[in-house]
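As stored in work08.cif (mmCIF, C-alpha atoms and all ligand atoms):
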```
data_entry
loop_
_atom_site.label_atom_id
_atom_site.label_comp_id
_atom_site.auth_asym_id
_atom_site.auth_seq_id
_atom_site.Cartn_x
_atom_site.Cartn_y
_atom_site.Cartn_z
CA MET G 57 -157.56 -40.85 -108.75
CA ASN G 58 -158.40 -43.94 -110.76
CA VAL G 59 -155.15 -45.90 -111.07
CA GLU G 60 -156.44 -48.11 -113.87
CA ASN G 61 -157.23 -45.02 -115.96
CA VAL G 62 -153.79 -43.63 -115.15
CA ARG G 63 -152.14 -46.90 -116.19
CA GLN G 64 -153.93 -46.79 -119.53
CA GLN G 65 -151.86 -43.71 -120.30
CA PHE G 66 -148.57 -45.60 -119.92
CA PRO G 67 -148.03 -48.02 -122.82
CA ILE G 68 -144.79 -49.41 -121.38
CA LEU G 69 -146.53 -50.83 -118.32
CA HIS G 70 -148.59 -53.26 -120.37
CA GLN G 71 -145.98 -55.89 -121.07
CA GLU G 72 -144.54 -59.05 -119.63
CA VAL G 73 -140.97 -59.26 -118.41
CA ASN G 74 -139.49 -62.71 -118.02
CA GLY G 75 -142.93 -64.24 -118.37
CA HIS G 76 -144.56 -62.07 -115.68
CA PRO G 77 -146.51 -58.81 -115.86
CA LEU G 78 -144.05 -55.95 -115.46
CA VAL G 79 -144.08 -54.40 -111.98
CA TYR G 80 -142.06 -51.21 -112.35
CA LEU G 81 -140.81 -50.06 -108.95
CA ASP G 82 -137.88 -47.92 -110.07
CA SER G 83 -139.48 -44.54 -110.66
CA ALA G 84 -136.99 -42.79 -108.38
CA ALA G 85 -134.37 -43.60 -111.03
CA THR G 86 -136.64 -42.48 -113.85
CA SER G 87 -140.40 -42.44 -114.22
CA GLN G 88 -142.33 -43.91 -117.12
CA LYS G 89 -143.89 -41.57 -119.69
CA PRO G 90 -147.58 -41.17 -120.48
CA LEU G 91 -148.89 -41.06 -124.08
CA GLN G 92 -149.55 -37.34 -123.71
CA VAL G 93 -145.80 -36.73 -123.29
CA ILE G 94 -144.68 -39.17 -125.97
CA GLU G 95 -147.17 -37.62 -128.41
CA ALA G 96 -146.15 -34.04 -127.59
CA VAL G 97 -142.53 -34.85 -128.42
CA GLU G 98 -143.56 -36.74 -131.56
CA ASP G 99 -145.82 -33.88 -132.64
CA TYR G 100 -142.95 -31.41 -132.33
CA TYR G 101 -140.66 -33.52 -134.49
CA LYS G 102 -143.38 -34.39 -137.00
CA ARG G 103 -145.07 -31.03 -137.35
CA TYR G 104 -142.94 -28.08 -136.24
CA ASN G 105 -139.34 -29.12 -135.62
CA SER G 106 -137.31 -25.91 -135.84
CA ASN G 107 -134.79 -23.97 -133.84
CA VAL G 108 -136.06 -21.34 -131.39
CA HIS G 109 -135.56 -17.59 -130.89
CA ARG G 110 -134.26 -16.96 -134.40
CA GLY G 111 -136.02 -17.21 -137.78
CA VAL G 112 -139.31 -15.48 -138.24
CA HIS G 113 -140.67 -18.41 -140.20
CA THR G 114 -143.82 -20.14 -139.07
CA LEU G 115 -142.26 -23.36 -137.79
CA GLY G 116 -139.66 -21.38 -135.87
CA SER G 117 -142.41 -19.37 -134.18
CA LEU G 118 -144.32 -22.52 -133.27
CA ALA G 119 -141.20 -24.08 -131.78
CA THR G 120 -140.44 -20.91 -129.81
CA ASP G 121 -144.02 -20.80 -128.54
CA GLY G 122 -143.79 -24.45 -127.49
CA TYR G 123 -140.47 -23.95 -125.71
CA GLU G 124 -141.39 -20.71 -123.95
CA GLY G 125 -144.89 -22.03 -123.23
CA ALA G 126 -143.27 -24.91 -121.36
CA ARG G 127 -141.27 -22.43 -119.29
CA GLU G 128 -144.49 -20.71 -118.24
CA LYS G 129 -146.00 -24.10 -117.29
CA VAL G 130 -142.96 -24.81 -115.10
CA ARG G 131 -143.23 -21.37 -113.51
CA LYS G 132 -146.85 -21.93 -112.55
CA PHE G 133 -146.23 -25.50 -111.46
CA ILE G 134 -143.64 -24.51 -108.84
CA HIS G 135 -145.24 -21.12 -108.10
CA ALA G 136 -142.29 -18.97 -109.13
CA LYS G 137 -142.85 -15.25 -109.44
CA SER G 138 -141.48 -14.77 -112.92
CA MET G 139 -140.45 -16.79 -115.97
CA GLU G 140 -137.08 -15.04 -115.71
CA GLU G 141 -136.45 -17.30 -112.72
CA ILE G 142 -136.89 -20.55 -114.69
CA ILE G 143 -133.76 -21.81 -116.42
CA PHE G 144 -133.87 -24.93 -118.52
CA THR G 145 -130.93 -27.26 -117.90
CA ARG G 146 -130.12 -30.90 -118.57
CA GLY G 147 -131.35 -31.95 -115.15
CA THR G 148 -130.80 -31.67 -111.41
CA THR G 149 -127.08 -32.39 -111.69
CA THR G 150 -126.51 -29.60 -114.21
CA SER G 151 -128.68 -27.20 -112.20
CA ILE G 152 -126.72 -27.71 -108.98
CA ASN G 153 -123.40 -27.43 -110.82
CA LEU G 154 -124.58 -24.15 -112.31
CA VAL G 155 -125.24 -22.69 -108.86
CA ALA G 156 -121.95 -24.01 -107.47
CA GLN G 157 -119.88 -22.67 -110.34
CA SER G 158 -121.63 -19.39 -110.94
CA TYR G 159 -122.97 -18.25 -107.57
CA GLY G 160 -120.44 -20.24 -105.55
CA GLU G 161 -117.22 -19.18 -107.22
CA ALA G 162 -118.25 -15.52 -107.19
CA ASN G 163 -119.35 -15.40 -103.56
CA LEU G 164 -117.23 -17.82 -101.54
CA GLY G 165 -113.73 -17.54 -100.14
CA PRO G 166 -111.41 -19.32 -97.69
CA ASN G 167 -113.28 -18.34 -94.51
CA ASP G 168 -116.67 -19.41 -95.78
CA GLU G 169 -118.66 -22.57 -95.22
CA ILE G 170 -120.93 -24.72 -97.34
CA VAL G 171 -123.38 -26.83 -95.33
CA ILE G 172 -125.01 -30.02 -96.64
CA THR G 173 -126.24 -33.35 -95.18
CA PRO G 174 -124.88 -36.90 -95.35
CA MET G 175 -128.11 -38.09 -97.01
CA GLU G 176 -127.50 -36.15 -100.23
CA HIS G 177 -127.32 -37.65 -103.70
CA HIS G 178 -123.80 -37.41 -105.18
CA SER G 179 -125.14 -34.61 -107.40
CA ASN G 180 -125.57 -32.49 -104.30
CA ILE G 181 -122.22 -33.41 -102.75
CA ILE G 182 -119.54 -33.35 -105.41
CA PRO G 183 -120.26 -29.87 -106.85
CA TRP G 184 -119.78 -28.53 -103.29
CA GLN G 185 -116.61 -30.55 -102.73
CA GLN G 186 -115.27 -29.04 -105.94
CA LEU G 187 -116.36 -25.56 -104.90
CA ALA G 188 -114.63 -26.01 -101.55
CA LYS G 189 -111.45 -26.96 -103.42
CA THR G 190 -111.52 -24.02 -105.81
CA THR G 191 -112.43 -21.36 -103.22
CA GLY G 192 -110.79 -22.73 -100.07
CA ALA G 193 -114.20 -22.79 -98.34
CA THR G 194 -115.03 -25.53 -95.81
CA LEU G 195 -117.65 -28.21 -96.46
CA LYS G 196 -119.69 -29.10 -93.35
CA TYR G 197 -122.38 -31.69 -92.68
CA ILE G 198 -125.55 -31.47 -90.62
CA PRO G 199 -125.60 -34.77 -88.69
CA LEU G 200 -128.23 -37.35 -89.53
CA GLN G 201 -130.57 -38.81 -86.89
CA LYS G 202 -130.71 -42.59 -86.49
CA ASN G 203 -134.11 -42.75 -88.19
CA GLY G 204 -132.78 -40.94 -91.26
CA THR G 205 -134.20 -37.49 -90.51
CA ILE G 206 -132.64 -34.12 -89.75
CA ASP G 207 -133.09 -32.37 -86.41
CA LEU G 208 -133.53 -28.60 -86.72
CA LYS G 209 -131.41 -28.15 -83.60
CA ASP G 210 -128.51 -29.67 -85.51
CA VAL G 211 -129.18 -27.30 -88.41
CA GLU G 212 -129.01 -24.38 -85.96
CA GLU G 213 -125.73 -25.70 -84.61
CA THR G 214 -124.06 -26.37 -87.95
CA VAL G 215 -125.00 -23.18 -89.79
CA THR G 216 -122.92 -20.21 -88.62
CA GLU G 217 -122.25 -16.62 -89.64
CA ASN G 218 -119.54 -17.99 -91.97
CA THR G 219 -122.00 -20.18 -93.85
CA LYS G 220 -122.70 -18.87 -97.34
CA ILE G 221 -124.57 -21.82 -98.87
CA VAL G 222 -126.84 -24.45 -97.35
CA SER G 223 -127.77 -27.18 -99.83
CA VAL G 224 -130.28 -29.87 -98.88
CA MET G 225 -132.42 -32.41 -100.67
CA HIS G 226 -136.18 -31.94 -100.34
CA VAL G 227 -136.93 -35.68 -100.43
CA SER G 228 -134.34 -38.45 -100.05
CA ASN G 229 -134.03 -40.85 -102.99
CA VAL G 230 -132.96 -43.58 -100.57
CA LEU G 231 -134.83 -43.06 -97.30
CA GLY G 232 -137.86 -41.21 -98.60
CA THR G 233 -137.32 -38.65 -95.81
CA ILE G 234 -139.12 -35.36 -96.42
CA ASN G 235 -136.87 -32.58 -95.12
CA PRO G 236 -138.29 -29.42 -93.48
CA ILE G 237 -137.02 -27.06 -96.18
CA LYS G 238 -138.93 -23.99 -95.05
CA GLU G 239 -137.50 -24.24 -91.55
CA ILE G 240 -133.97 -24.95 -92.82
CA ALA G 241 -134.31 -21.93 -95.13
CA GLU G 242 -135.18 -19.77 -92.14
CA VAL G 243 -131.99 -20.82 -90.36
CA ALA G 244 -129.91 -20.23 -93.50
CA HIS G 245 -131.42 -16.79 -94.03
CA LYS G 246 -130.90 -15.81 -90.41
CA HIS G 247 -127.18 -16.16 -91.14
CA ASN G 248 -127.43 -14.47 -94.56
CA ALA G 249 -126.71 -17.74 -96.36
CA VAL G 250 -128.61 -18.90 -99.44
CA ILE G 251 -130.47 -22.20 -99.53
CA VAL G 252 -130.17 -24.50 -102.53
CA VAL G 253 -132.73 -27.30 -102.71
CA ASP G 254 -132.33 -30.56 -104.60
CA GLY G 255 -135.96 -31.20 -105.52
CA ALA G 256 -135.39 -34.17 -107.85
CA GLN G 257 -137.55 -36.48 -105.71
CA ALA G 258 -140.06 -33.87 -104.53
CA VAL G 259 -141.44 -32.04 -107.57
CA PRO G 260 -142.70 -35.26 -109.23
CA HIS G 261 -144.54 -36.37 -106.10
CA MET G 262 -145.93 -33.42 -104.13
CA LYS G 263 -146.98 -29.80 -104.48
CA VAL G 264 -143.94 -27.54 -104.38
CA ASP G 265 -144.17 -23.79 -103.91
CA VAL G 266 -140.70 -22.27 -104.16
CA GLN G 267 -141.89 -18.95 -102.75
CA GLU G 268 -143.54 -20.53 -99.74
CA LEU G 269 -140.40 -22.58 -99.07
CA ASN G 270 -138.38 -19.42 -99.56
CA ALA G 271 -135.77 -21.36 -101.55
CA ASP G 272 -133.07 -19.27 -103.19
CA PHE G 273 -132.39 -22.00 -105.74
CA TYR G 274 -134.41 -25.13 -106.49
CA ALA G 275 -133.27 -27.88 -108.89
CA PHE G 276 -135.17 -30.78 -110.48
CA SER G 277 -135.26 -33.17 -113.45
CA GLY G 278 -137.96 -33.71 -116.07
CA HIS G 279 -137.40 -37.44 -116.47
CA LYS G 280 -138.48 -38.28 -112.92
CA MET G 281 -141.82 -36.49 -113.36
CA CYS G 282 -143.18 -38.21 -116.47
CA GLY G 283 -141.16 -35.98 -118.80
CA PRO G 284 -138.34 -36.82 -121.21
CA THR G 285 -134.70 -37.33 -120.26
CA GLY G 286 -132.27 -34.50 -120.94
CA ILE G 287 -134.41 -31.66 -119.59
CA GLY G 288 -134.35 -30.17 -116.12
CA VAL G 289 -134.90 -26.92 -114.33
CA LEU G 290 -133.04 -24.50 -112.15
CA TYR G 291 -135.27 -22.05 -110.32
CA GLY G 292 -133.43 -19.11 -108.81
CA LYS G 293 -134.55 -15.89 -107.18
CA LYS G 294 -134.17 -13.10 -109.67
CA LYS G 295 -132.06 -11.02 -107.29
CA TRP G 296 -129.34 -13.72 -107.43
CA LEU G 297 -129.68 -14.79 -111.06
CA LYS G 298 -129.40 -11.19 -112.23
CA LYS G 299 -125.97 -10.86 -110.63
CA MET G 300 -124.69 -14.29 -111.66
CA GLU G 301 -122.44 -14.91 -114.66
CA PRO G 302 -123.25 -17.65 -117.16
CA ILE G 303 -121.03 -20.75 -117.11
CA GLU G 304 -121.59 -21.67 -120.77
CA PHE G 305 -120.79 -19.23 -123.52
CA GLY G 306 -121.67 -19.26 -127.20
CA GLY G 307 -124.76 -18.92 -129.35
CA GLU G 308 -128.25 -18.21 -127.96
CA MET G 309 -127.06 -16.58 -124.72
CA ILE G 310 -125.56 -13.42 -126.21
CA ASP G 311 -126.89 -9.97 -126.93
CA PHE G 312 -123.97 -8.29 -128.71
CA VAL G 313 -120.71 -9.95 -129.80
CA GLY G 314 -117.60 -7.95 -130.64
CA LEU G 315 -114.11 -9.12 -131.44
CA TYR G 316 -112.94 -8.93 -127.84
CA GLU G 317 -116.01 -8.25 -125.71
CA SER G 318 -119.59 -9.50 -125.70
CA THR G 319 -122.75 -8.94 -123.70
CA TRP G 320 -125.36 -11.41 -122.53
CA LYS G 321 -129.07 -11.73 -123.11
CA GLU G 322 -131.58 -11.02 -120.36
CA LEU G 323 -132.75 -13.65 -117.90
CA PRO G 324 -133.33 -16.53 -118.25
CA TRP G 325 -131.66 -16.92 -121.63
CA LYS G 326 -128.18 -15.83 -120.57
CA PHE G 327 -127.88 -19.22 -118.86
CA GLU G 328 -129.04 -21.22 -121.88
CA GLY G 329 -126.07 -21.24 -124.25
CA GLY G 330 -126.44 -23.18 -127.52
CA THR G 331 -129.52 -24.66 -129.13
CA PRO G 332 -131.71 -25.57 -126.17
CA ILE G 333 -133.46 -28.85 -125.36
CA ILE G 334 -136.56 -27.94 -127.33
CA ALA G 335 -138.30 -31.32 -127.58
CA GLY G 336 -137.44 -32.02 -123.95
CA ALA G 337 -139.00 -28.78 -122.73
CA ILE G 338 -142.14 -29.36 -124.80
CA GLY G 339 -142.36 -32.89 -123.36
CA LEU G 340 -141.88 -31.53 -119.85
CA GLY G 341 -144.71 -29.05 -120.45
CA ALA G 342 -146.96 -31.97 -121.44
CA ALA G 343 -145.87 -33.89 -118.32
CA ILE G 344 -146.87 -30.92 -116.16
CA ASP G 345 -150.28 -30.78 -117.86
CA PHE G 346 -150.68 -34.50 -117.18
CA LEU G 347 -149.71 -34.24 -113.49
CA GLU G 348 -151.91 -31.21 -112.94
CA GLU G 349 -154.93 -32.97 -114.43
CA ILE G 350 -154.47 -35.74 -111.88
CA GLY G 351 -153.52 -33.39 -109.05
CA LEU G 352 -150.30 -33.60 -107.04
CA ASP G 353 -152.28 -34.04 -103.82
CA ASN G 354 -153.78 -37.21 -105.26
CA VAL G 355 -150.37 -38.45 -106.40
CA GLU G 356 -148.90 -37.87 -102.95
CA LYS G 357 -151.79 -39.54 -101.15
CA HIS G 358 -151.64 -42.55 -103.45
CA GLU G 359 -147.90 -43.05 -102.95
CA LYS G 360 -148.18 -42.67 -99.17
CA LYS G 361 -150.81 -45.39 -99.13
CA LEU G 362 -148.64 -47.71 -101.22
CA VAL G 363 -145.49 -47.17 -99.18
CA ALA G 364 -147.37 -47.68 -95.89
CA TYR G 365 -148.87 -50.90 -97.25
CA ALA G 366 -145.50 -52.13 -98.55
CA MET G 367 -143.80 -51.35 -95.23
CA SER G 368 -146.40 -53.24 -93.27
CA GLN G 369 -146.03 -56.24 -95.60
CA LEU G 370 -142.21 -56.20 -95.45
CA SER G 371 -142.21 -55.89 -91.67
CA GLU G 372 -143.73 -59.37 -91.57
CA ILE G 373 -140.89 -61.00 -93.49
CA ASP G 374 -138.12 -62.25 -91.21
CA GLY G 375 -134.64 -60.96 -92.00
CA VAL G 376 -135.78 -57.87 -93.93
CA THR G 377 -134.33 -54.56 -92.70
CA MET G 378 -135.97 -51.32 -93.84
CA TYR G 379 -134.18 -47.98 -93.68
CA GLY G 380 -135.53 -44.50 -92.98
CA PRO G 381 -138.47 -42.99 -91.13
CA GLY G 382 -141.97 -44.38 -90.69
CA PRO G 383 -144.56 -44.15 -93.49
CA ASP G 384 -146.06 -40.88 -92.18
CA GLU G 385 -142.79 -39.04 -92.58
CA ARG G 386 -141.72 -40.35 -95.95
CA ALA G 387 -142.45 -40.23 -99.65
CA GLY G 388 -142.96 -43.33 -101.81
CA VAL G 389 -139.46 -44.78 -101.51
CA LEU G 390 -138.66 -47.99 -99.67
CA THR G 391 -135.06 -49.08 -99.19
CA PHE G 392 -134.32 -52.44 -97.62
CA ASN G 393 -131.95 -55.35 -97.29
CA CYS G 394 -132.51 -59.08 -96.91
CA GLU G 395 -130.23 -60.74 -94.39
CA ASP G 396 -127.36 -62.62 -96.01
CA VAL G 397 -128.50 -61.88 -99.57
CA HIS G 398 -126.68 -59.25 -101.61
CA PRO G 399 -129.06 -56.55 -102.90
CA HIS G 400 -127.94 -57.25 -106.46
CA ASP G 401 -129.04 -60.84 -106.03
CA VAL G 402 -132.36 -59.63 -104.58
CA ALA G 403 -132.88 -57.38 -107.61
CA THR G 404 -131.90 -60.17 -110.02
CA VAL G 405 -134.38 -62.65 -108.58
CA LEU G 406 -137.09 -59.99 -108.43
CA ASP G 407 -136.41 -59.22 -112.08
CA ALA G 408 -136.91 -62.87 -112.95
CA GLU G 409 -140.40 -62.39 -111.46
CA GLY G 410 -141.01 -59.26 -113.54
CA VAL G 411 -140.38 -56.86 -110.63
CA ALA G 412 -138.00 -53.97 -111.39
CA VAL G 413 -136.22 -52.52 -108.34
CA ARG G 414 -132.88 -50.80 -108.04
CA ALA G 415 -129.92 -52.20 -106.12
CA GLY G 416 -126.65 -50.50 -105.26
CA HIS G 417 -125.55 -47.38 -103.45
CA HIS G 418 -128.17 -45.18 -105.18
CA CYS G 419 -125.57 -42.47 -105.79
CA ALA G 420 -125.46 -41.87 -102.04
CA GLN G 421 -122.25 -43.51 -100.81
CA PRO G 422 -121.87 -41.25 -97.73
CA LEU G 423 -125.40 -42.23 -96.70
CA MET G 424 -124.61 -45.93 -97.18
CA LYS G 425 -121.69 -45.44 -94.81
CA GLU G 426 -124.03 -43.84 -92.22
CA LEU G 427 -126.37 -46.79 -92.56
CA GLY G 428 -123.44 -49.18 -92.13
CA VAL G 429 -124.00 -50.97 -95.44
CA ASN G 430 -122.38 -51.01 -98.88
CA SER G 431 -125.60 -51.19 -100.79
CA THR G 432 -129.32 -51.76 -100.50
CA ALA G 433 -132.31 -52.70 -102.63
CA ARG G 434 -134.93 -50.02 -103.29
CA ALA G 435 -138.54 -50.08 -104.42
CA SER G 436 -139.92 -46.70 -105.44
CA PHE G 437 -143.57 -46.01 -106.18
CA TYR G 438 -145.36 -43.60 -108.46
CA LEU G 439 -148.89 -42.72 -109.48
CA TYR G 440 -149.26 -45.76 -111.75
CA ASN G 441 -148.39 -48.42 -109.16
CA THR G 442 -151.08 -50.51 -107.49
CA GLU G 443 -151.56 -52.50 -104.28
CA GLU G 444 -151.60 -55.65 -106.43
CA GLU G 445 -148.13 -54.71 -107.60
CA VAL G 446 -147.00 -54.36 -103.99
CA ASP G 447 -148.38 -57.87 -103.41
CA ALA G 448 -146.45 -59.18 -106.45
CA PHE G 449 -143.31 -57.50 -105.11
CA VAL G 450 -143.74 -59.02 -101.64
CA LYS G 451 -144.46 -62.45 -103.11
CA ALA G 452 -141.32 -62.22 -105.25
CA LEU G 453 -139.31 -61.13 -102.21
CA ILE G 454 -140.48 -64.13 -100.19
CA LYS G 455 -139.49 -66.30 -103.16
CA THR G 456 -136.05 -64.66 -103.17
CA LYS G 457 -135.52 -65.51 -99.54
CA GLU G 458 -136.67 -69.08 -100.07
CA TYR G 459 -134.42 -69.40 -103.11
CA PHE G 460 -131.33 -68.25 -101.25
CA GLY G 461 -132.35 -70.14 -98.15
CA ASP G 462 -132.28 -73.33 -100.22
CA VAL G 463 -128.93 -72.56 -101.74
CA PHE G 464 -127.05 -71.22 -98.74
CA GLY G 465 -129.21 -72.02 -95.75
N1 LIG G 501 -130.84 -35.63 -106.69
C1 LIG G 501 -131.62 -36.64 -106.29
C2 LIG G 501 -132.29 -36.57 -104.94
C3 LIG G 501 -131.81 -37.75 -107.13
O1 LIG G 501 -132.59 -38.74 -106.72
C4 LIG G 501 -131.16 -37.79 -108.39
C5 LIG G 501 -131.26 -38.98 -109.28
C6 LIG G 501 -130.40 -36.68 -108.76
C7 LIG G 501 -130.24 -35.63 -107.88
C8 LIG G 501 -129.73 -36.58 -110.10
O2 LIG G 501 -130.68 -36.36 -111.08
P1 LIG G 501 -130.25 -36.28 -112.61
O3 LIG G 501 -131.54 -36.24 -113.34
O4 LIG G 501 -129.43 -35.06 -112.79
O5 LIG G 501 -129.47 -37.53 -112.88
N2 LIG G 501 -131.52 -40.16 -108.59
C9 LIG G 501 -131.42 -41.42 -109.07
C10 LIG G 501 -131.75 -42.52 -108.27
O6 LIG G 501 -132.15 -42.47 -107.13
N3 LIG G 501 -131.57 -43.63 -109.01
O7 LIG G 501 -131.12 -43.28 -110.21
C11 LIG G 501 -131.03 -41.92 -110.27
#
```

Structure translated into structure tokens:
Amino acid sequence: MNVENVRQQFPILHQEVNGHPLVYLDSAATSQKPLQVIEAVEDYYKRYNSNVHRGVHTLGSLATDGYEGAREKVRKFIHAKSMEEIIFTRGTTTSINLVAQSYGEANLGPNDEIVITPMEHHSNIIPWQQLAKTTGATLKYIPLQKNGTIDLKDVEETVTENTKIVSVMHVSNVLGTINPIKEIAEVAHKHNAVIVVDGAQAVPHMKVDVQELNADFYAFSGHKMCGPTGIGVLYGKKKWLKKMEPIEFGGEMIDFVGLYESTWKELPWKFEGGTPIIAGAIGLGAAIDFLEEIGLDNVEKHEKKLVAYAMSQLSEIDGVTMYGPGPDERAGVLTFNCEDVHPHDVATVLDAEGVAVRAGHHCAQPLMKELGVNSTARASFYLYNTEEEVDAFVKALIKTKEYFGDVFG
């Protein structure tokens, strides 16, 4: 993978911020978009903007082909069996809520358990808290190891015959931890529970095969994988989706509508009420083409190299604490704190040097509590980042420490 060639595809990266070349290290929040994606969305609006699945006119057919073509690209990308198993949503959050409300409310009752982990993003906590409230089920947590990983023994101990849903993130947006989904799925299935996977930070960065993982449901967002905002995916095994009721009702998702009763379309459309996110899906299709041309193995290797390099550099700065497992066990996410400097101040000074990182609780307040902090700073890497950018980041971080050392030291 030639990073300079990759960077050429991202117009936004070629600018100065506060008088310095932009160093974008916030791809875990949202990735930047290559020309291929921007142009695919523009082409749709300029040349064949139309609604889908209705008129027989030419533009309508082109739009339908674009939208359904994107679904097929997603199917292949995550190795799903059938396009019936690919539902377009607004993103990971919407996908998980769909499972909780549709599958969850129909299948859970007061004696049942939902099992998650303390490292989850709020999007994979709150829908289950709500489901526990509406059904009377109990929400349980698999304990977290000190190094920010999950021990399979703890999974075995937490999941019981009463467990109906196990929901776990594939890759942590804070610690970078890569969870052993296939093994966790085995435990869940042994107890006849389904496994829901939050793949928001995995699909953009590594090869994902939903059949090999044996995930029952798998959720992710387009905007973190070079695609547009507003589009995401819920993969679900057909045997579950077939039985599940839609949670949104109206146009697009119906077959027959009477005065008092209606019937739904086939999969996957019964879950896609209203005019769908057509431009978003077409953009996501282009993002998948782009990532496949580069190769997910190359993306993963590149990020691992960057995060290992960044960790070794940060370990040499006094007063910097890094969270999560070692570089071999993590994806390209690096969360840290500088002693006596608030992460928001770290991010502000880094921004003055052109370096964009995120500070805060990263939508993972229970995890912050486990780590014993209120917030952290986070650098996250993607296929367009370089070692020189890591150097610029480290230099800016040293400057931050010096700056605050002068003021408060
Ligand atoms: N799950 C994980 C693991 C995430 O990292 C995020 C977003 C979501 C779910 C929610 O995705 P959405 O597209 O539905 O919003 N994570 C982050 C982050 O780490 N910083 O900003 C957003």

- Message: Could you tell me how far CA of Val222 in chain G sits from CA of Glu322 in chain G, in Å to one decimal place?
- Response: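 According to the coordinates, CA of Glu322 in chain G and CA of Val222 in chain G are separated by 27.1 Å.
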
- Query: In Å, how far is it from CA of Gly75 in chain G to CA of His418 in chain G?
  - Reply: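 Straight-line distance from CA of Gly75 in chain G to CA of His418 in chain G works out to 27.5 Å.
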
- Neighbourhood of ligand LIG 501 (chain G) at 6 Å, counting only C-alpha atoms and all ligand atoms, reported as an MDAnalysis selection string: chainID G and resid 84:85 147:149 177 179 225 228:229 254 256:257 277 418

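Of the listed residues G:Arg434, G:His178, G:His245, G:His400, the one whose atoms come nearest to Asn153 in chain G is G:His178, with distances taken using all atoms listed in the file.
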
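When only C-alpha atoms are used to measure the gap to Ile170 in chain G, the shortest distance among G:Gln88, G:Thr456, G:Asn218, G:Ser318 belongs to G:Asn218.
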
- Query: So which residues touch range 289-306 of chain G within 9 Å, counting only C-alpha atoms, skipping near sequence neighbours fewer than 6 positions away, as a PyMOL selection string?
  - Reply: chain G and resi 130-131+134+136-138+140-148+150-152+154-155+157-159+162+252+266+271-278+320+322-324+326-330

- Could you check which of G:Phe312, G:Gln421, G:Gly380, G:Leu118 is closest to Val227 in chain G, using all atoms listed in the file? G:Gly380

What's around Glu239 in chain G at 12 Å? Count all atoms listed in the file, leave out sequence neighbours fewer than 2 positions away in its own chain, and write the answer as a short mmCIF file (atom, residue, chain, number, x, y, z; two decimals) with C-alpha atoms, in the frame of the given file.
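Saved as part_38.cif:
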```
data_model
loop_
_atom_site.label_atom_id
_atom_site.label_comp_id
_atom_site.auth_asym_id
_atom_site.auth_seq_id
_atom_site.Cartn_x
_atom_site.Cartn_y
_atom_site.Cartn_z
CA ILE G 206 -132.64 -34.12 -89.75
CA ASP G 207 -133.09 -32.37 -86.41
CA LEU G 208 -133.53 -28.60 -86.72
CA LYS G 209 -131.41 -28.15 -83.60
CA VAL G 211 -129.18 -27.30 -88.41
CA GLU G 212 -129.01 -24.38 -85.96
CA VAL G 224 -130.28 -29.87 -98.88
CA HIS G 226 -136.18 -31.94 -100.34
CA ASN G 235 -136.87 -32.58 -95.12
CA PRO G 236 -138.29 -29.42 -93.48
CA ILE G 237 -137.02 -27.06 -96.18
CA ALA G 241 -134.31 -21.93 -95.13
CA GLU G 242 -135.18 -19.77 -92.14
CA VAL G 243 -131.99 -20.82 -90.36
CA ALA G 244 -129.91 -20.23 -93.50
CA HIS G 245 -131.42 -16.79 -94.03
CA LYS G 246 -130.90 -15.81 -90.41
CA ILE G 251 -130.47 -22.20 -99.53
CA GLU G 268 -143.54 -20.53 -99.74
CA LEU G 269 -140.40 -22.58 -99.07
CA ASN G 270 -138.38 -19.42 -99.56
CA ALA G 271 -135.77 -21.36 -101.55
#
```

- Item | Selection: 9 Å around Thr173 in chain G, only C-alpha atoms, excl. self and same-chain fewer than 4 positions, as a list in words |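 With the cut-off at 9 Å, the set is Ile181, Lys196, Tyr197, Ile198, Pro199, Leu200, Ile206, Ser223, Val224 and Met225 of chain G.
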
- Find the residues near Tyr123 in chain G: any atom within 6 Å, counting all atoms listed in the file, skip ones fewer than 4 places away on the same chain, and give them as a ChimeraX atom specification. /G:334,337-338

- Message: Using all atoms listed in the file for the distances, tell me which of G:Lys321, G:Lys457, G:Arg103, G:His247 is nearest to Asp168 in chain G.
- Response: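 Closest candidate: G:His247.
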
- Query: At what distance in Å, to one decimal, does CA of Met281 in chain G lie from CA of His109 in chain G?
  - Reply: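 Straight-line distance from CA of His109 in chain G to CA of Met281 in chain G works out to 26.5 Å.
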
- Which one is closest to His70 in chain G: G:Ile172, G:Leu370, G:Ile454, G:Gly410? Count all atoms listed in the file.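 For His70 in chain G, the nearest of the given residues is G:Gly410.
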
- Item | Top pick for closest residue to Asp384 in chain G, considering G:Leu340, G:Val429, G:Thr233, G:Val446 and counting only C-alpha atoms |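 Ranked by minimum distance to Asp384 in chain G, first place goes to G:Thr233.
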
- Task: Please provide as an NGL selection string all residues within 12 Å of Gly122 in chain G, with the sequence filter that same-chain residues fewer than 6 positions apart are discarded (counting only C-alpha atoms).
- Result: :G and (96-97 or 99-101 or 103-109 or 115-116 or 128-129 or 333-342)

Report, as JSON, the axis-aligned box around all atoms of range 142-154 of chain G present in the file, extended by 6 Å on each side; give centre and edge lengths in Å to one decimal place.
```
{"center_x": -130.1, "center_y": -26.5, "center_z": -113.8, "size_x": 25.5, "size_y": 23.8, "size_z": 21.6}
```

Identify the residues within 8 Å of coordinate (-135.6, -41.4, -88.8) (same frame as the file), considering all atoms listed in the file, and give the answer as a compact mmCIF listing (two decimals) with C-alpha atoms, in the coordinates of the input.
```txt
# COMPACT_ATOMS: atom_id res chain seq x y z
CA GLN G 201 -130.57 -38.81 -86.89
CA LYS G 202 -130.71 -42.59 -86.49
CA ASN G 203 -134.11 -42.75 -88.19
CA GLY G 204 -132.78 -40.94 -91.26
CA THR G 205 -134.20 -37.49 -90.51
CA ILE G 206 -132.64 -34.12 -89.75
CA THR G 233 -137.32 -38.65 -95.81
CA GLY G 380 -135.53 -44.50 -92.98
CA PRO G 381 -138.47 -42.99 -91.13
CA GLY G 382 -141.97 -44.38 -90.69
```
